[in-house]
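Engineer: One file: entry.cif (mmCIF, C-alpha atoms).
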data_run
#
loop_
_atom_site.label_atom_id
_atom_site.label_comp_id
_atom_site.auth_asym_id
_atom_site.auth_seq_id
_atom_site.Cartn_x
_atom_site.Cartn_y
_atom_site.Cartn_z
CA MET Q 1 104.56 -69.07 -47.82
CA ARG Q 2 104.33 -72.67 -46.56
CA ARG Q 3 100.87 -74.11 -47.09
CA LEU Q 4 99.29 -75.86 -44.12
CA SER Q 5 98.20 -79.35 -45.14
CA LEU Q 6 97.63 -82.84 -43.81
CA ARG Q 7 100.37 -84.12 -46.11
CA ALA Q 8 102.94 -82.09 -44.20
CA LEU Q 9 101.74 -83.62 -40.94
CA LEU Q 10 101.83 -87.14 -42.38
CA ASP Q 11 105.51 -86.64 -43.15
CA ARG Q 12 106.24 -85.85 -39.48
CA PRO Q 13 104.82 -88.69 -37.32
CA GLY Q 14 107.00 -87.72 -34.35
CA LEU Q 15 105.65 -84.16 -34.35
CA ALA Q 16 105.21 -82.61 -30.91
CA TRP Q 17 101.59 -81.79 -30.15
CA PRO Q 18 100.20 -79.24 -30.37
CA PRO Q 19 102.39 -77.83 -33.18
CA ALA Q 20 104.58 -74.91 -32.15
CA ASP Q 21 102.82 -72.38 -34.40
CA VAL Q 22 99.47 -72.87 -32.62
CA ALA Q 23 100.56 -74.03 -29.14
CA GLY Q 24 100.60 -70.54 -27.64
CA ARG Q 25 97.22 -69.62 -29.06
CA TRP Q 26 95.60 -72.88 -27.98
CA ALA Q 27 97.04 -72.55 -24.47
CA ALA Q 28 95.62 -69.01 -24.15
CA VAL Q 29 92.20 -70.17 -25.33
CA SER Q 30 92.25 -73.07 -22.83
CA GLU Q 31 93.03 -70.58 -20.07
CA TYR Q 32 90.14 -68.33 -21.10
CA LYS Q 33 87.80 -71.33 -21.07
CA ARG Q 34 88.94 -72.27 -17.58
CA TYR Q 35 87.79 -68.89 -16.28
CA TYR Q 36 84.57 -69.14 -18.31
CA GLY Q 37 83.83 -72.53 -16.72
CA CYS Q 38 84.50 -71.03 -13.27
CA ASP Q 39 85.25 -74.42 -11.73
CA SER Q 40 86.90 -73.64 -8.39
CA ASP Q 41 88.98 -76.83 -8.29
CA SER Q 42 90.34 -76.29 -11.80
CA ILE Q 43 91.26 -72.64 -11.21
CA PHE Q 44 92.71 -73.44 -7.77
CA GLN Q 45 94.89 -76.17 -9.29
CA HIS Q 46 96.51 -73.65 -11.63
CA ARG Q 47 96.58 -70.69 -9.22
CA PRO Q 48 96.75 -71.96 -5.61
CA ASP Q 49 97.86 -68.48 -4.50
CA LEU Q 50 94.41 -67.06 -5.24
CA THR Q 51 92.67 -68.36 -2.15
CA GLY Q 52 92.83 -65.58 0.40
CA GLY Q 53 91.96 -68.21 2.99
CA GLY Q 54 95.27 -69.91 3.64
CA GLY Q 55 95.43 -72.26 0.66
CA ASP Q 56 92.13 -74.08 1.13
CA SER Q 57 90.45 -74.96 -2.18
CA GLN Q 58 87.15 -75.44 -0.35
CA VAL Q 59 87.20 -71.79 0.69
CA PHE Q 60 88.21 -70.42 -2.73
CA THR Q 61 85.22 -68.52 -4.16
CA PRO Q 62 85.61 -67.54 -7.83
CA ILE Q 63 82.88 -65.30 -9.20
CA PRO Q 64 81.60 -66.28 -12.70
CA ILE Q 65 82.21 -62.84 -14.18
CA ALA Q 66 83.84 -64.31 -17.31
CA ARG Q 67 80.64 -66.25 -17.98
CA GLU Q 68 78.59 -63.10 -17.33
CA LEU Q 69 80.65 -61.22 -19.92
CA ALA Q 70 80.12 -64.02 -22.46
CA ASN Q 71 76.38 -64.10 -21.76
CA PHE Q 72 76.19 -60.33 -22.18
CA SER Q 73 78.10 -60.47 -25.47
CA ALA Q 74 75.78 -63.14 -26.89
CA ALA Q 75 72.71 -61.18 -25.74
CA LEU Q 76 73.94 -58.06 -27.56
CA LEU Q 77 74.00 -60.05 -30.79
CA PHE Q 78 71.21 -62.60 -30.43
CA GLY Q 79 68.88 -61.18 -27.80
CA GLU Q 80 66.34 -61.62 -30.58
CA PRO Q 81 66.59 -64.15 -33.44
CA ALA Q 82 68.56 -62.95 -36.44
CA THR Q 83 66.66 -62.06 -39.61
CA ILE Q 84 68.08 -64.14 -42.45
CA ALA Q 85 67.03 -63.59 -46.06
CA ALA Q 86 68.19 -65.35 -49.22
CA LEU Q 87 69.52 -63.20 -52.05
CA GLU Q 88 67.09 -64.85 -54.46
CA PRO Q 89 63.47 -65.33 -53.35
CA GLY Q 90 63.43 -68.78 -54.90
CA ASP Q 91 66.12 -69.96 -52.47
CA GLN Q 92 64.33 -68.79 -49.31
CA ALA Q 93 62.42 -72.04 -48.75
CA ALA Q 94 65.64 -74.08 -48.85
CA LEU Q 95 67.36 -71.59 -46.53
CA ASP Q 96 64.46 -71.72 -44.06
CA ALA Q 97 64.64 -75.52 -44.09
CA LEU Q 98 68.35 -75.41 -43.22
CA VAL Q 99 67.78 -72.88 -40.45
CA LYS Q 100 65.01 -74.99 -38.91
CA ALA Q 101 66.78 -78.34 -39.23
CA ASN Q 102 69.92 -76.97 -37.56
CA ARG Q 103 68.01 -75.05 -34.84
CA LEU Q 104 70.12 -72.09 -35.87
CA ASP Q 105 68.94 -69.68 -33.16
CA GLU Q 106 70.17 -72.04 -30.42
CA LEU Q 107 73.42 -72.75 -32.23
CA LEU Q 108 74.29 -69.10 -32.79
CA THR Q 109 73.48 -67.97 -29.25
CA ALA Q 110 75.53 -70.75 -27.64
CA SER Q 111 78.38 -70.32 -30.14
CA ALA Q 112 78.47 -66.54 -29.64
CA GLU Q 113 79.29 -67.07 -25.96
CA LEU Q 114 82.24 -69.32 -26.81
CA VAL Q 115 83.49 -67.00 -29.54
CA ALA Q 116 83.50 -64.09 -27.06
CA VAL Q 117 85.62 -66.19 -24.70
CA GLU Q 118 87.94 -67.82 -27.22
CA GLY Q 119 88.39 -64.86 -29.57
CA ALA Q 120 87.64 -66.97 -32.64
CA GLY Q 121 85.97 -70.25 -33.50
CA GLY Q 122 84.73 -72.09 -36.54
CA LEU Q 123 81.41 -72.83 -38.20
CA ARG Q 124 81.64 -76.20 -39.94
CA VAL Q 125 79.35 -77.61 -42.61
CA SER Q 126 79.12 -81.42 -42.72
CA LEU Q 127 77.06 -84.04 -44.49
CA ASP Q 128 75.00 -86.37 -42.27
CA ASP Q 129 72.07 -88.44 -43.47
CA GLY Q 130 70.75 -88.63 -39.91
CA VAL Q 131 69.77 -84.95 -39.95
CA PRO Q 132 66.82 -83.56 -41.95
CA GLY Q 133 68.21 -82.29 -45.23
CA GLY Q 134 71.52 -84.06 -44.65
CA VAL Q 135 73.50 -80.82 -44.10
CA VAL Q 136 74.73 -80.00 -40.58
CA LEU Q 137 76.09 -76.70 -39.32
CA ASP Q 138 77.99 -76.81 -36.03
CA HIS Q 139 80.54 -74.85 -33.99
CA VAL Q 140 84.16 -75.89 -33.56
CA PRO Q 141 86.18 -74.49 -30.59
CA GLY Q 142 89.04 -72.14 -31.33
CA ASP Q 143 91.63 -74.36 -29.64
CA ARG Q 144 90.90 -77.20 -32.07
CA ILE Q 145 91.63 -75.44 -35.37
CA MET Q 146 94.79 -74.69 -37.35
CA TRP Q 147 93.66 -72.02 -39.79
CA ARG Q 148 95.02 -71.78 -43.30
CA GLU Q 149 95.78 -68.06 -43.48
CA ARG Q 150 97.60 -65.56 -45.66
CA PHE Q 151 98.94 -62.28 -44.31
CA GLY Q 152 97.29 -63.09 -40.98
CA ARG Q 153 93.89 -61.94 -42.24
CA PHE Q 154 92.64 -63.98 -45.17
CA THR Q 155 91.42 -67.45 -44.24
CA SER Q 156 90.73 -70.34 -46.58
CA GLY Q 157 89.67 -73.27 -44.44
CA GLY Q 158 92.01 -75.13 -42.14
CA ILE Q 159 92.59 -78.32 -40.18
CA LEU Q 160 90.52 -79.12 -37.14
CA CYS Q 161 91.58 -81.63 -34.52
CA LEU Q 162 89.24 -83.86 -32.51
CA GLU Q 163 90.64 -85.98 -29.68
CA LEU Q 164 89.55 -89.13 -27.88
CA ARG Q 165 91.55 -90.90 -25.19
CA GLU Q 166 91.49 -94.61 -24.51
CA ARG Q 167 93.70 -95.67 -21.61
CA ASN Q 168 97.21 -94.37 -22.42
CA VAL Q 169 96.48 -93.75 -26.10
CA THR Q 170 95.34 -90.44 -27.58
CA TYR Q 171 93.55 -90.68 -30.91
CA ARG Q 172 93.43 -87.52 -33.01
CA LEU Q 173 91.16 -87.11 -35.98
CA LEU Q 174 92.52 -84.37 -38.23
CA GLU Q 175 89.99 -83.01 -40.70
CA ASP Q 176 91.38 -80.80 -43.47
CA HIS Q 177 88.73 -78.48 -44.92
CA ASP Q 178 89.94 -77.14 -48.26
CA VAL Q 179 88.12 -75.66 -51.23
CA GLY Q 180 86.15 -78.50 -52.80
CA SER Q 181 87.13 -81.30 -50.42
CA VAL Q 182 87.43 -82.58 -46.86
CA THR Q 183 90.30 -84.97 -46.06
CA ARG Q 184 90.42 -86.99 -42.84
CA ARG Q 185 93.32 -88.79 -41.22
CA LEU Q 186 93.48 -90.58 -37.89
CA PHE Q 187 96.61 -90.55 -35.71
CA LYS Q 188 97.44 -92.76 -32.74
CA GLY Q 189 99.79 -91.07 -30.29
CA ASN Q 190 99.94 -89.72 -26.75
CA LEU Q 191 99.35 -86.43 -24.94
CA THR Q 192 102.48 -84.78 -26.32
CA ARG Q 193 103.05 -86.50 -29.69
CA LEU Q 194 100.89 -86.69 -32.79
CA GLY Q 195 101.86 -90.31 -33.36
CA ASP Q 196 101.42 -92.54 -36.41
CA ALA Q 197 98.63 -92.52 -38.97
CA VAL Q 198 96.21 -95.45 -38.68
CA PRO Q 199 93.12 -96.41 -40.72
CA LEU Q 200 89.87 -94.81 -39.61
CA SER Q 201 88.37 -98.31 -39.29
CA GLU Q 202 90.85 -99.08 -36.49
CA GLY Q 203 90.08 -96.02 -34.44
CA PRO Q 204 87.42 -95.19 -31.84
CA GLU Q 205 83.91 -96.34 -32.70
CA PRO Q 206 82.44 -92.86 -33.45
CA TRP Q 207 84.94 -92.34 -36.29
CA ARG Q 208 85.02 -95.76 -37.94
CA GLU Q 209 82.35 -94.97 -40.54
CA LEU Q 210 83.88 -91.69 -41.67
CA LYS Q 211 85.22 -91.40 -45.21
CA PRO Q 212 88.88 -90.47 -45.72
CA GLU Q 213 87.93 -88.17 -48.59
CA THR Q 214 84.72 -86.23 -49.22
CA ALA Q 215 84.08 -84.00 -52.22
CA THR Q 216 81.96 -80.96 -51.36
CA GLY Q 217 81.35 -79.81 -54.94
CA LEU Q 218 82.32 -76.23 -54.05
CA LEU Q 219 84.64 -74.18 -56.22
CA ASP Q 220 85.06 -71.05 -54.11
CA ARG Q 221 84.86 -71.90 -50.41
CA SER Q 222 85.83 -74.53 -47.87
CA THR Q 223 83.32 -76.00 -45.43
CA LEU Q 224 85.04 -74.41 -42.41
CA THR Q 225 84.37 -70.71 -41.80
CA LYS Q 226 86.25 -68.58 -39.30
CA TRP Q 227 84.11 -66.60 -36.85
CA GLU Q 228 86.05 -63.87 -35.03
CA ASN Q 229 84.83 -62.15 -31.89
CA LYS Q 230 86.35 -58.80 -32.87
CA PRO Q 231 88.65 -57.77 -35.72
CA GLY Q 232 91.86 -59.69 -35.14
CA GLY Q 233 90.16 -62.50 -33.22
CA VAL Q 234 90.59 -60.92 -29.77
CA SER Q 235 88.88 -62.51 -26.76
CA ASP Q 236 86.80 -60.41 -24.36
CA LEU Q 237 89.05 -61.82 -21.62
CA ALA Q 238 92.34 -60.81 -23.24
CA GLY Q 239 94.46 -58.86 -20.77
CA ILE Q 240 91.96 -58.91 -17.90
CA LEU Q 241 92.72 -62.24 -16.22
CA PRO Q 242 94.85 -60.52 -13.53
CA LEU Q 243 91.85 -58.32 -12.69
CA ILE Q 244 89.61 -61.40 -12.48
CA ASP Q 245 92.21 -63.05 -10.24
CA ALA Q 246 92.15 -60.03 -7.91
CA HIS Q 247 88.35 -60.10 -7.90
CA ASP Q 248 88.27 -63.81 -7.01
CA ASP Q 249 90.92 -63.35 -4.33
CA ALA Q 250 88.97 -60.49 -2.74
CA SER Q 251 85.68 -62.41 -2.83
CA THR Q 252 87.39 -65.38 -1.17
CA LEU Q 253 88.88 -63.15 1.49
CA LEU Q 254 85.49 -61.59 2.13
CA ARG Q 255 83.89 -65.01 2.53
CA ASP Q 256 86.67 -66.29 4.78
CA LYS Q 257 86.73 -63.24 7.05
CA SER Q 258 82.96 -63.07 7.26
CA ALA Q 259 82.75 -66.72 8.33
CA ALA Q 260 85.52 -66.26 10.88
CA SER Q 261 84.02 -63.07 12.29
CA VAL Q 262 80.68 -64.41 13.46
CA PRO Q 263 80.15 -62.97 16.97
CA ILE Q 264 80.73 -65.50 19.77
CA MET Q 265 78.45 -65.05 22.81
CA ALA Q 266 79.82 -66.18 26.16
CA GLY Q 267 77.90 -66.48 29.43
CA HIS Q 268 79.21 -66.21 32.99
CA GLU Q 269 79.68 -69.38 35.03
CA SER Q 270 76.89 -68.25 37.35
CA LEU Q 271 74.50 -69.15 34.53
CA LEU Q 272 75.49 -72.84 34.77
CA ASP Q 273 73.50 -75.38 36.74
CA GLU Q 274 74.97 -78.14 38.93
CA HIS Q 275 75.67 -80.24 35.82
CA GLY Q 276 77.68 -77.51 34.10
CA GLU Q 277 74.98 -76.75 31.56
CA PHE Q 278 73.38 -73.43 30.69
CA ALA Q 279 70.07 -74.24 32.31
CA ALA Q 280 69.23 -70.63 32.98
CA TRP Q 281 70.61 -69.16 29.74
CA ARG Q 282 70.23 -70.82 26.34
CA GLY Q 283 70.96 -67.92 24.09
CA ILE Q 284 67.80 -66.07 25.18
CA LEU Q 285 68.18 -62.35 25.76
CA LEU Q 286 68.13 -61.63 29.50
CA ARG Q 287 65.80 -58.82 30.50
CA THR Q 288 67.66 -57.95 33.72
CA PRO Q 289 70.68 -59.51 35.35
CA SER Q 290 68.75 -59.93 38.61
CA GLU Q 291 66.63 -62.63 37.03
CA VAL Q 292 69.66 -64.93 37.20
CA VAL Q 293 71.87 -63.59 39.96
CA PRO Q 294 71.71 -60.52 42.16
CA GLU Q 295 73.42 -57.41 40.76
CA THR Q 296 75.50 -57.12 43.90
CA LEU Q 297 77.40 -60.32 43.07
CA ILE Q 298 78.21 -59.91 39.34
CA PRO Q 299 78.18 -56.75 37.24
CA ALA Q 300 75.47 -56.70 34.60
CA ASP Q 301 77.91 -56.26 31.70
CA LYS Q 302 79.83 -59.43 32.68
CA LEU Q 303 77.00 -61.97 32.48
CA VAL Q 304 76.97 -62.18 28.70
CA GLN Q 305 79.81 -60.91 26.51
CA VAL Q 306 80.67 -60.74 22.82
CA LEU Q 307 84.15 -62.17 22.37
CA GLN Q 308 84.54 -61.34 18.67
CA ALA Q 309 83.34 -58.29 16.81
CA ASP Q 310 81.65 -58.26 13.40
CA PHE Q 311 83.84 -58.00 10.29
CA PRO Q 312 83.38 -54.59 8.56
CA ALA Q 313 82.55 -55.80 5.05
CA GLU Q 314 81.65 -52.47 3.43
CA PRO Q 315 85.22 -51.47 2.40
CA MET Q 316 85.80 -54.89 0.83
CA ILE Q 317 82.48 -54.72 -1.04
CA ARG Q 318 83.40 -51.30 -2.44
CA TYR Q 319 86.76 -52.75 -3.54
CA LEU Q 320 84.97 -55.62 -5.30
CA ASP Q 321 82.66 -53.15 -7.05
CA THR Q 322 85.67 -51.16 -8.27
CA LEU Q 323 87.36 -54.30 -9.61
CA ARG Q 324 84.15 -55.35 -11.33
CA SER Q 325 83.84 -51.99 -13.09
CA GLN Q 326 87.47 -52.22 -14.21
CA ILE Q 327 86.93 -55.73 -15.59
CA VAL Q 328 83.80 -54.75 -17.51
CA THR Q 329 85.41 -51.60 -18.93
CA ALA Q 330 88.59 -53.44 -19.97
CA ALA Q 331 86.44 -56.06 -21.72
CA GLY Q 332 84.97 -53.30 -23.87
CA TYR Q 333 81.67 -52.51 -22.17
CA SER Q 334 80.13 -49.62 -20.25
CA PRO Q 335 79.59 -50.71 -16.63
CA GLU Q 336 76.09 -49.20 -16.53
CA SER Q 337 74.92 -51.11 -19.59
CA PHE Q 338 76.44 -54.31 -18.19
CA THR Q 339 74.94 -54.13 -14.69
CA GLY Q 340 71.97 -51.81 -15.22
CA GLU Q 341 72.99 -50.04 -12.03
CA GLY Q 342 73.34 -46.32 -11.62
CA THR Q 343 70.45 -45.48 -13.94
CA ALA Q 344 67.58 -45.34 -11.46
CA GLY Q 345 65.96 -41.95 -11.17
CA ARG Q 346 67.69 -40.51 -14.24
CA ALA Q 347 65.56 -38.73 -16.82
CA ASP Q 348 68.04 -39.20 -19.67
CA THR Q 349 67.35 -38.21 -23.22
CA GLY Q 350 67.91 -40.85 -25.87
CA ARG Q 351 71.15 -39.08 -26.82
CA ALA Q 352 72.42 -39.00 -23.22
CA LEU Q 353 71.67 -42.69 -22.81
CA ALA Q 354 73.49 -43.50 -26.05
CA LEU Q 355 76.55 -41.47 -24.98
CA ARG Q 356 76.79 -43.24 -21.61
CA GLN Q 357 76.66 -46.59 -23.38
CA ALA Q 358 78.93 -45.62 -26.28
CA ARG Q 359 81.67 -48.07 -25.27
CA THR Q 360 79.26 -51.00 -25.31
CA THR Q 361 77.77 -49.82 -28.60
CA HIS Q 362 81.17 -49.65 -30.26
CA THR Q 363 82.12 -53.14 -29.06
CA ARG Q 364 78.76 -54.57 -30.05
CA ASN Q 365 79.01 -53.11 -33.55
CA SER Q 366 82.48 -54.58 -34.07
CA LYS Q 367 81.21 -57.97 -32.98
CA ALA Q 368 78.13 -57.68 -35.17
CA THR Q 369 80.24 -56.99 -38.27
CA MET Q 370 82.37 -60.10 -37.73
CA THR Q 371 79.35 -62.21 -36.80
CA GLN Q 372 77.24 -61.23 -39.80
CA ARG Q 373 80.12 -61.96 -42.16
CA ALA Q 374 80.84 -65.39 -40.66
CA VAL Q 375 77.20 -66.51 -40.39
CA SER Q 376 76.42 -65.34 -43.91
CA GLU Q 377 79.41 -67.21 -45.36
CA ALA Q 378 78.68 -70.40 -43.42
CA LEU Q 379 75.03 -70.35 -44.47
CA GLY Q 380 76.04 -69.69 -48.07
CA VAL Q 381 78.30 -72.75 -47.96
CA ALA Q 382 75.58 -74.87 -46.34
CA LEU Q 383 73.00 -73.74 -48.87
CA ALA Q 384 75.32 -74.43 -51.81
CA VAL Q 385 76.01 -77.96 -50.53
CA TYR Q 386 72.29 -78.47 -49.85
CA LEU Q 387 71.27 -77.34 -53.36
CA GLY Q 388 74.23 -78.94 -55.11
CA ARG Q 389 75.57 -75.68 -56.52
CA PRO Q 390 79.29 -74.93 -56.98
CA LEU Q 391 79.48 -71.27 -55.86
CA ALA Q 392 78.71 -70.41 -52.26
CA GLU Q 393 79.31 -66.68 -52.58
CA ALA Q 394 76.27 -66.28 -54.82
CA LEU Q 395 74.10 -67.85 -52.09
CA MET Q 396 75.33 -65.96 -49.01
CA PRO Q 397 72.19 -64.54 -47.36
CA THR Q 398 71.80 -61.22 -45.63
CA VAL Q 399 71.96 -61.48 -41.83
CA GLU Q 400 70.39 -58.72 -39.76
CA LEU Q 401 70.95 -58.51 -36.00
CA THR Q 402 68.85 -56.46 -33.60
CA ASP Q 403 70.75 -53.79 -31.65
CA PRO Q 404 69.23 -53.79 -28.14
CA ILE Q 405 70.99 -50.58 -27.09
CA ALA Q 406 69.75 -48.64 -30.11
CA THR Q 407 66.27 -50.02 -29.52
CA VAL Q 408 66.23 -48.79 -25.91
CA SER Q 409 67.56 -45.36 -26.90
CA GLU Q 410 64.85 -45.01 -29.54
CA GLN Q 411 62.17 -46.02 -27.04
CA VAL Q 412 63.44 -43.42 -24.55
CA ALA Q 413 63.39 -40.72 -27.22
CA GLU Q 414 59.87 -41.66 -28.32
CA ASN Q 415 58.57 -41.57 -24.74
CA GLN Q 416 60.06 -38.14 -24.16
CA ASP Q 417 58.46 -36.82 -27.34
CA THR Q 418 55.01 -38.10 -26.36
CA PRO Q 419 52.73 -35.15 -25.38
CA THR Q 420 51.31 -35.14 -21.86
CA ALA Q 421 47.62 -34.74 -21.01
CA THR Q 422 48.09 -30.94 -20.78
CA GLY Q 423 49.39 -30.76 -24.32
CA GLY Q 424 53.10 -30.32 -23.51
CA ASN Q 425 56.08 -32.60 -23.27
CA ASP Q 426 57.63 -33.87 -20.07
#
Translate this file's structure into structure tokens.

Structural biologist:
Amino acid sequence: MRRLSLRALLDRPGLAWPPADVAGRWAAVSEYKRYYGCDSDSIFQHRPDLTGGGGDSQVFTPIPIARELANFSAALLFGEPATIAALEPGDQAALDALVKANRLDELLTASAELVAVEGAGGLRVSLDDGVPGGVVLDHVPGDRIMWRERFGRFTSGGILCLELRERNVTYRLLEDHDVGSVTRRLFKGNLTRLGDAVPLSEGPEPWRELKPETATGLLDRSTLTKWENKPGGVSDLAGILPLIDAHDDASTLLRDKSAASVPIMAGHESLLDEHGEFAAWRGILLRTPSEVVPETLIPADKLVQVLQADFPAEPMIRYLDTLRSQIVTAAGYSPESFTGEGTAGRADTGRALALRQARTTHTRNSKATMTQRAVSEALGVALAVYLGRPLAEALMPTVELTDPIATVSEQVAENQDTPTATGGND
């Protein structure tokens, strides 16, 4: 099996970018992020047929449902801060210092949203004297990493790519995270070609002080950990973009038709004064036609007329609701747990509530397994670098995540078991 390395890239300066083996994956991730960003101009540029209003980008009304799904996913994992405990009590103080210095709660919540959208991302450990403790943990987007994998499942670091553009030149900093070392190389190319290697000192200002080689001191892990959304690195948006397109198209059509269907009130010419203005009628409801002109001259129903009827929006709203439920279900969630609708007035037992939300529970548990593994490994690497120890595996902490659905089900069950004032149960 060919080993992914910077050396192989250095031998191919004319390499098309991105490389063929990651181009499809990176393009898919970029597409997911476009829907997550929900920028109407960006989506309209790629899908001008999704306007429903005759091709006008100003009318196009995308609904941020992809962002809602990502928010919901992150809330299922980090609605409350994770509980992180060192394997050895003597290491807890150092672990707490790392967690505080890196504002880990903020990092994990924000990163969990992106991982849900992208399918997989990276947690990187770096050395930086400008940060308390000198060890930094950050998130790297999934469309910036070439993972070093075996059998499609086992990951041992990889190469991440950072880009900066100056005029017609694209600089790419490739950072190879391998066991025990980080190697950096800077390339000067264009949008479609990697280009030639140049010294870091000749590149963009933010990268000039970086070292070409950094020893991490680790013997068992790299400083780049893969964080998958679900087993296999599947995005919450995989396979549902056509449904989101239909939802956006319908919402645009609803907006366009509603705006065009505002009733137009027209008054008879007898309401005009000698200057051709509506002196007698300025949109005020007339009590009787005789107040303006005798009934014998003009029929009462002809003085003021509605020239355009209201647009019946209810069928379109029901269609949007159906699409929304399909999107949420296809993403792996129960519509009721996602929206909170449809539960009012129900006296569910804890078991009934859990059954109705089983789809969300299953998805959340899959995500939690992948998240706990990735966060534990990344923190173990950070702690090993921080303490100057060679083995990260021995320092990987336990990571406990609160399950909000299980918590609600337990609260419902407890409330139903609470005796009433008469001594019985409701």

Engineer: Work out how far CA of Gln92 (chain Q) is from CA of Ser111 (chain Q), in Å to one decimal.

Structural biologist: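 Those two atoms sit 23.8 Å apart.
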
Engineer: Within 8 Å of region 75-78 of chain Q, counting all atoms listed in the file, which residues qualify if same-chain residues fewer than 4 places away don't, as a ChimeraX atom specification?

Structural biologist: /Q:71,82,105,108-109,112,364,367-368,401-404

Engineer: Tell me which residues the PyMOL selection byres ((chain Q and resi 316-333) around 6) grabs here, as a list in words.

Structural biologist: Asp236, Ala313, Glu314, Pro315, Ser334, Pro335, Arg359, Thr360 and Thr363 of chain Q

Engineer: Could those selected residues go to a file with C-alpha atoms, as a PDB file, in the frame of the given file?

Structural biologist:
ATOM      1  CA  ASP Q 236      86.800 -60.410 -24.360  1.00  0.00           C
ATOM      2  CA  ALA Q 313      82.550 -55.800   5.050  1.00  0.00           C
ATOM      3  CA  GLU Q 314      81.650 -52.470   3.430  1.00  0.00           C
ATOM      4  CA  PRO Q 315      85.220 -51.470   2.400  1.00  0.00           C
ATOM      5  CA  SER Q 334      80.130 -49.620 -20.250  1.00  0.00           C
ATOM      6  CA  PRO Q 335      79.590 -50.710 -16.630  1.00  0.00           C
ATOM      7  CA  ARG Q 359      81.670 -48.070 -25.270  1.00  0.00           C
ATOM      8  CA  THR Q 360      79.260 -51.000 -25.310  1.00  0.00           C
ATOM      9  CA  THR Q 363      82.120 -53.140 -29.060  1.00  0.00           C
TER      10      THR Q 363
END

Engineer: Using all atoms listed in the file, tabulate the residues of region 49-152 of chain Q lying at most 8 Å from any atom of region 26-31 of chain Q, each with its closest atom pair and that distance in Å to one decimal, by chain and increasing residue number, as a Markdown table.

Structural biologist:
| residue | atom | partner | partner_atom | distance |
| --- | --- | --- | --- | --- |
| Q:Val117 | CA | Q:Val29 | CA | 7.7 |
| Q:Glu118 | CA | Q:Val29 | CA | 5.2 |
| Q:Gly119 | CA | Q:Val29 | CA | 7.8 |
| Q:Gly142 | CA | Q:Val29 | CA | 7.1 |
| Q:Asp143 | CA | Q:Trp26 | CA | 4.6 |
| Q:Arg144 | CA | Q:Trp26 | CA | 7.6 |

Engineer: Write the selection just made, keeping C-alpha atoms, as a JSON list (two decimals), in the coordinates of the input?

Structural biologist:
[["chain", "number", "residue", "atom", "x", "y", "z"],
["Q", 117, "VAL", "CA", 85.62, -66.19, -24.70],
["Q", 118, "GLU", "CA", 87.94, -67.82, -27.22],
["Q", 119, "GLY", "CA", 88.39, -64.86, -29.57],
["Q", 142, "GLY", "CA", 89.04, -72.14, -31.33],
["Q", 143, "ASP", "CA", 91.63, -74.36, -29.64],
["Q", 144, "ARG", "CA", 90.90, -77.20, -32.07]]

Engineer: Write out as lines of an AutoDock Vina configuration file an axis-aligned box for region 82-97 of chain Q: all of its atoms listed in the file, 3 Å added on each side, centre and edge lengths in Å with one decimal.

Structural biologist:
center_x = 66.0
center_y = -68.8
center_z = -45.7
size_x = 13.1
size_y = 19.5
size_z = 24.5
